[in-house]
>>> print(open('work_11.tsv').read())   # TSV, C-alpha atoms
chain	number	residue	atom	x	y	z
W	98	MET	CA	206.30	-197.61	-167.89
W	99	GLN	CA	209.98	-197.10	-167.20
W	100	PHE	CA	209.61	-193.30	-167.60
W	101	GLU	CA	206.87	-193.30	-164.96
W	102	PHE	CA	209.10	-195.25	-162.53
W	103	VAL	CA	212.05	-192.83	-163.02
W	104	SER	CA	209.75	-189.89	-162.63
W	105	LYS	CA	208.45	-191.09	-159.24
W	106	ARG	CA	212.00	-191.80	-158.06
W	107	ALA	CA	213.14	-188.32	-159.11
W	108	VAL	CA	210.20	-186.68	-157.36
W	109	ILE	CA	210.90	-188.61	-154.15
W	110	ALA	CA	214.61	-187.73	-154.32
W	111	ILE	CA	213.90	-184.02	-154.88
W	112	ALA	CA	211.30	-183.96	-152.11
W	113	GLY	CA	213.75	-185.64	-149.73
W	114	PHE	CA	216.49	-183.17	-150.66
W	115	VAL	CA	214.17	-180.16	-150.09
W	116	LEU	CA	213.01	-181.60	-146.78
W	117	ALA	CA	216.61	-182.10	-145.65
W	118	LEU	CA	217.47	-178.49	-146.55
W	119	THR	CA	214.41	-177.21	-144.70
W	120	LEU	CA	215.26	-179.15	-141.54
W	121	SER	CA	218.86	-177.98	-141.58
W	122	GLY	CA	217.68	-174.39	-142.07
W	123	VAL	CA	215.36	-174.63	-139.07
W	124	ALA	CA	218.10	-176.16	-136.91
W	125	GLN	CA	220.46	-173.22	-137.51
W	126	GLU	CA	220.33	-170.35	-135.05
W	127	GLN	CA	219.93	-166.83	-136.32
W	128	ARG	CA	223.02	-164.70	-135.66
W	129	SER	CA	221.29	-161.30	-135.55
W	130	GLU	CA	218.20	-160.25	-133.59
W	131	ILE	CA	216.45	-156.88	-133.52
W	132	SER	CA	214.06	-155.99	-130.69
W	133	ILE	CA	211.59	-153.19	-130.07
W	134	GLU	CA	210.17	-152.75	-126.56
W	135	GLY	CA	207.95	-150.32	-124.73
W	136	THR	CA	209.30	-148.62	-121.59
W	137	GLY	CA	207.84	-146.47	-118.85
W	138	PHE	CA	208.89	-144.00	-116.17
W	139	PHE	CA	206.63	-144.32	-113.15
W	140	THR	CA	207.95	-142.18	-110.33
W	141	LYS	CA	206.88	-141.36	-106.81
W	142	ASP	CA	206.26	-137.80	-105.63
W	143	THR	CA	208.56	-136.58	-102.87
W	144	THR	CA	208.42	-133.78	-100.33
W	145	GLY	CA	211.23	-132.43	-98.19
W	146	ASN	CA	212.76	-129.16	-96.99
W	147	GLY	CA	209.66	-127.25	-98.08
W	148	VAL	CA	209.87	-128.48	-101.70
W	149	HIS	CA	207.40	-130.84	-103.36
W	150	ASP	CA	208.74	-132.74	-106.43
W	151	ARG	CA	206.25	-134.28	-108.83
W	152	ALA	CA	207.23	-136.11	-112.03
W	153	THR	CA	205.02	-137.16	-114.89
W	154	ASN	CA	204.47	-140.83	-115.65
W	155	THR	CA	205.53	-141.40	-119.23
W	156	GLY	CA	206.13	-144.06	-121.85
W	157	GLY	CA	208.92	-144.52	-124.36
W	158	PHE	CA	210.70	-147.14	-126.42
W	159	LEU	CA	213.82	-149.30	-126.42
W	160	VAL	CA	215.43	-150.59	-129.64
W	161	GLY	CA	218.03	-153.33	-129.40
W	162	TYR	CA	220.37	-155.37	-131.54
W	163	ARG	CA	221.77	-158.72	-130.41
W	164	TYR	CA	224.53	-160.64	-132.19
W	165	ASN	CA	224.68	-164.32	-131.22
W	166	ILE	CA	228.33	-165.33	-131.11
W	167	ASN	CA	227.43	-168.95	-130.44
W	168	ARG	CA	224.59	-170.96	-128.81
W	169	TRP	CA	225.24	-169.59	-125.31
W	170	LEU	CA	227.00	-166.21	-125.75
W	171	ALA	CA	225.79	-162.98	-127.38
W	172	ALA	CA	226.62	-159.26	-127.49
W	173	GLU	CA	223.80	-156.74	-127.19
W	174	ALA	CA	223.43	-152.97	-127.82
W	175	ASN	CA	220.35	-150.93	-126.86
W	176	TYR	CA	219.07	-147.38	-127.30
W	177	GLY	CA	216.08	-146.12	-125.34
W	178	TYR	CA	214.14	-142.85	-125.27
W	179	ASP	CA	211.61	-141.33	-122.86
W	180	ARG	CA	210.46	-137.76	-122.22
W	181	ASN	CA	210.05	-136.79	-118.58
W	182	THR	CA	208.82	-133.62	-116.87
W	183	GLN	CA	209.79	-132.70	-113.31
W	184	MET	CA	207.70	-130.08	-111.48
W	185	TYR	CA	208.92	-128.48	-108.27
W	186	PHE	CA	206.69	-126.54	-105.88
W	187	GLY	CA	208.13	-124.54	-103.01
W	188	SER	CA	208.84	-120.85	-102.44
W	189	THR	CA	208.96	-120.65	-106.25
W	190	ALA	CA	207.67	-123.12	-108.79
W	191	ALA	CA	209.86	-124.67	-111.50
W	192	ARG	CA	209.25	-127.10	-114.35
W	193	ILE	CA	211.87	-129.01	-116.37
W	194	GLU	CA	211.02	-131.10	-119.41
W	195	SER	CA	213.85	-133.38	-120.54
W	196	ASN	CA	214.55	-136.11	-123.05
W	197	VAL	CA	216.05	-139.17	-121.40
W	198	HIS	CA	218.34	-141.28	-123.59
W	199	GLN	CA	219.61	-144.73	-122.58
W	200	ILE	CA	222.60	-146.23	-124.39
W	201	THR	CA	223.96	-149.60	-123.23
W	202	GLY	CA	226.13	-152.46	-124.38
W	203	SER	CA	226.06	-155.87	-122.71
W	204	ALA	CA	227.31	-159.42	-122.78
W	205	VAL	CA	224.53	-162.02	-122.69
W	206	VAL	CA	224.93	-165.59	-121.42
W	207	LYS	CA	222.07	-167.85	-122.49
W	208	LEU	CA	221.34	-170.55	-119.92
W	209	PRO	CA	219.88	-174.00	-120.68
W	210	GLY	CA	216.18	-173.64	-121.41
W	211	LEU	CA	213.08	-175.71	-120.88
W	212	GLY	CA	210.99	-176.15	-124.01
W	213	ARG	CA	210.22	-172.72	-125.43
W	214	ILE	CA	211.51	-170.83	-122.36
W	215	GLN	CA	215.06	-169.42	-122.70
W	216	PRO	CA	216.56	-167.89	-119.50
W	217	PHE	CA	219.58	-165.61	-119.82
W	218	ALA	CA	221.86	-163.41	-117.70
W	219	LEU	CA	223.07	-160.02	-118.87
W	220	ALA	CA	225.83	-157.64	-117.68
W	221	GLY	CA	227.16	-154.49	-119.29
W	222	GLY	CA	227.60	-150.75	-119.15
W	223	GLY	CA	226.38	-147.55	-120.72
W	224	ALA	CA	224.90	-144.17	-119.92
W	225	LEU	CA	221.67	-142.36	-119.11
W	226	VAL	CA	221.61	-138.87	-120.62
W	227	PHE	CA	219.16	-136.27	-119.29
W	228	ASP	CA	218.80	-133.53	-121.89
W	229	PRO	CA	216.49	-130.56	-121.08
W	230	THR	CA	214.35	-129.66	-124.07
W	231	GLY	CA	214.26	-125.90	-123.54
W	232	ASN	CA	210.57	-125.91	-124.59
W	233	SER	CA	208.34	-123.05	-123.54
W	234	GLY	CA	206.90	-123.70	-120.12
W	235	GLY	CA	210.24	-125.02	-118.86
W	236	THR	CA	210.74	-122.37	-116.21
W	237	PHE	CA	213.99	-123.54	-114.66
W	238	VAL	CA	216.74	-121.28	-116.01
W	239	GLY	CA	220.16	-122.85	-116.43
W	240	ALA	CA	219.10	-126.51	-116.68
W	241	THR	CA	221.91	-128.35	-118.48
W	242	SER	CA	222.41	-131.81	-119.92
W	243	GLU	CA	223.72	-134.45	-117.57
W	244	ALA	CA	224.99	-137.99	-118.18
W	245	ARG	CA	225.26	-140.77	-115.60
W	246	GLY	CA	226.78	-144.22	-115.84
W	247	ALA	CA	224.41	-147.16	-116.17
W	248	PHE	CA	225.44	-150.71	-115.40
W	249	PRO	CA	222.70	-153.20	-116.28
W	250	VAL	CA	223.00	-156.58	-114.56
W	251	TRP	CA	220.00	-158.89	-114.48
W	252	GLY	CA	218.51	-162.23	-115.30
W	253	ARG	CA	215.52	-162.58	-117.58
W	254	SER	CA	213.77	-165.18	-119.66
W	255	ARG	CA	212.13	-165.25	-123.06
W	256	LEU	CA	209.22	-167.32	-124.29
W	257	ARG	CA	209.36	-168.28	-127.95
W	258	LEU	CA	205.83	-167.99	-129.38
W	259	HIS	CA	206.91	-168.38	-133.00
W	260	THR	CA	210.20	-168.64	-134.87
W	261	THR	CA	210.31	-164.83	-135.16
W	262	LEU	CA	208.22	-163.69	-132.15
W	263	LEU	CA	209.57	-163.69	-128.59
W	264	VAL	CA	208.10	-162.37	-125.34
W	265	SER	CA	210.55	-161.27	-122.62
W	266	SER	CA	209.89	-161.11	-118.91
>>> encode(input="work_11.tsv", output="structure tokens")
Amino acid sequence: MQFEFVSKRAVIAIAGFVLALTLSGVAQEQRSEISIEGTGFFTKDTTGNGVHDRATNTGGFLVGYRYNINRWLAAEANYGYDRNTQMYFGSTAARIESNVHQITGSAVVKLPGLGRIQPFALAGGGALVFDPTGNSGGTFVGATSEARGAFPVWGRSRLRLHTTLLVSS
């Protein structure tokens, strides 16, 4: 009888210990986050000075890494890629296909949330690189790579659907 009593006590103690570890593990925030997002270029055709410019609508991707310094501050790095084609019609026609690379780094301030919604503000810097592919059909001779500064500043929010699945707006 005494063995049975000790056995129940040991089981309860072990179960309580495991439960305490589980709760403390859930309460901790993850330091590192990796994100994969879809992107799109949707441009408007323009006409002026006898030239009509038409760009293709295209999709791409954005891969990001976020390191949470503490509950309210994080550092984020992103790389994005799209392929875009510009077609010009005027006295002569030209076509330029280019890879568009986005590289940014940002500071993220996480604001107080409501339930599963986590708003945040982001500010940083980086570059957009337009790199002509040189593929056949690209009829614009002398197209060269060009980089421009990018300075992302915005507010967004995320909805936590699961411990590892977030939806951003």
>>> closest_residue(input="work_11.tsv", among="W:Asn175, W:Asp228, W:Thr155, W:Asn146", to="Ile133 in chain W", atoms="all atoms listed in the file")
W:Asn175
>>> closest_residue(input="work_11.tsv", among="W:Ala240, W:Gly161, W:Trp169, W:Asn154", to="Ile193 in chain W", atoms="all atoms listed in the file")
W:Ala240
>>> atom_distance(input="work_11.tsv", atom1="CA of Thr241 in chain W", atom2="CA of Thr143 in chain W")
22.1 Å
>>> atom_distance(input="work_11.tsv", atom1="CA of Thr182 in chain W", atom2="CA of Ala152 in chain W")
5.7 Å
>>> closest_atom_pairs(input="work_11.tsv", of="range 145-200 of chain W", to="range 136-140 of chain W", cutoff="12 Å", atoms="all atoms listed in the file", output="CSV")
residue,atom,partner,partner_atom,distance
W:Asp150,CA,W:Thr140,CA,10.2
W:Arg151,CA,W:Thr140,CA,8.2
W:Ala152,CA,W:Thr140,CA,6.3
W:Thr153,CA,W:Thr140,CA,7.4
W:Asn154,CA,W:Phe139,CA,4.8
W:Thr155,CA,W:Phe138,CA,5.2
W:Gly156,CA,W:Gly137,CA,4.2
W:Gly157,CA,W:Thr136,CA,5.0
W:Phe158,CA,W:Thr136,CA,5.2
W:Leu159,CA,W:Thr136,CA,6.6
W:Val160,CA,W:Thr136,CA,10.3
W:Tyr176,CA,W:Thr136,CA,11.4
W:Gly177,CA,W:Thr136,CA,8.1
W:Tyr178,CA,W:Thr136,CA,8.4
W:Asp179,CA,W:Gly137,CA,7.5
W:Arg180,CA,W:Phe138,CA,8.8
W:Asn181,CA,W:Phe138,CA,7.7
W:Thr182,CA,W:Phe138,CA,10.4
W:Gln183,CA,W:Thr140,CA,10.1
W:Asn196,CA,W:Phe138,CA,11.9
W:Val197,CA,W:Phe138,CA,10.1
W:His198,CA,W:Thr136,CA,11.8
W:Gln199,CA,W:Thr136,CA,11.1
>>> atom_distance(input="work_11.tsv", atom1="CA of Glu173 in chain W", atom2="CA of Gly212 in chain W")
23.5 Å
>>> closest_residue(input="work_11.tsv", among="W:Ala247, W:Ser203, W:Ser242, W:Leu170", to="Ala224 in chain W", atoms="only C-alpha atoms")
W:Ala247
>>> residues_around(input="work_11.tsv", residues="Gly147 in chain W", least_positions_apart="4", cutoff="10 Å", atoms="only C-alpha atoms", output="number ranges by chain")
W: 186-188
>>> residues_around(input="work_11.tsv", residues="range 205-208 of chain W", least_positions_apart="2", cutoff="6 Å", atoms="all atoms listed in the file", output="MDAnalysis selection string")
chainID W and resid 169:172 216:219
>>> axis_aligned_box(input="work_11.tsv", around="range 173-183 of chain W", padding_each_side="3 Å", output="AutoDock Vina command-line options")
--center_x 216.3 --center_y -144.7 --center_z -120.6 --size_x 21.0 --size_y 30.0 --size_z 20.5
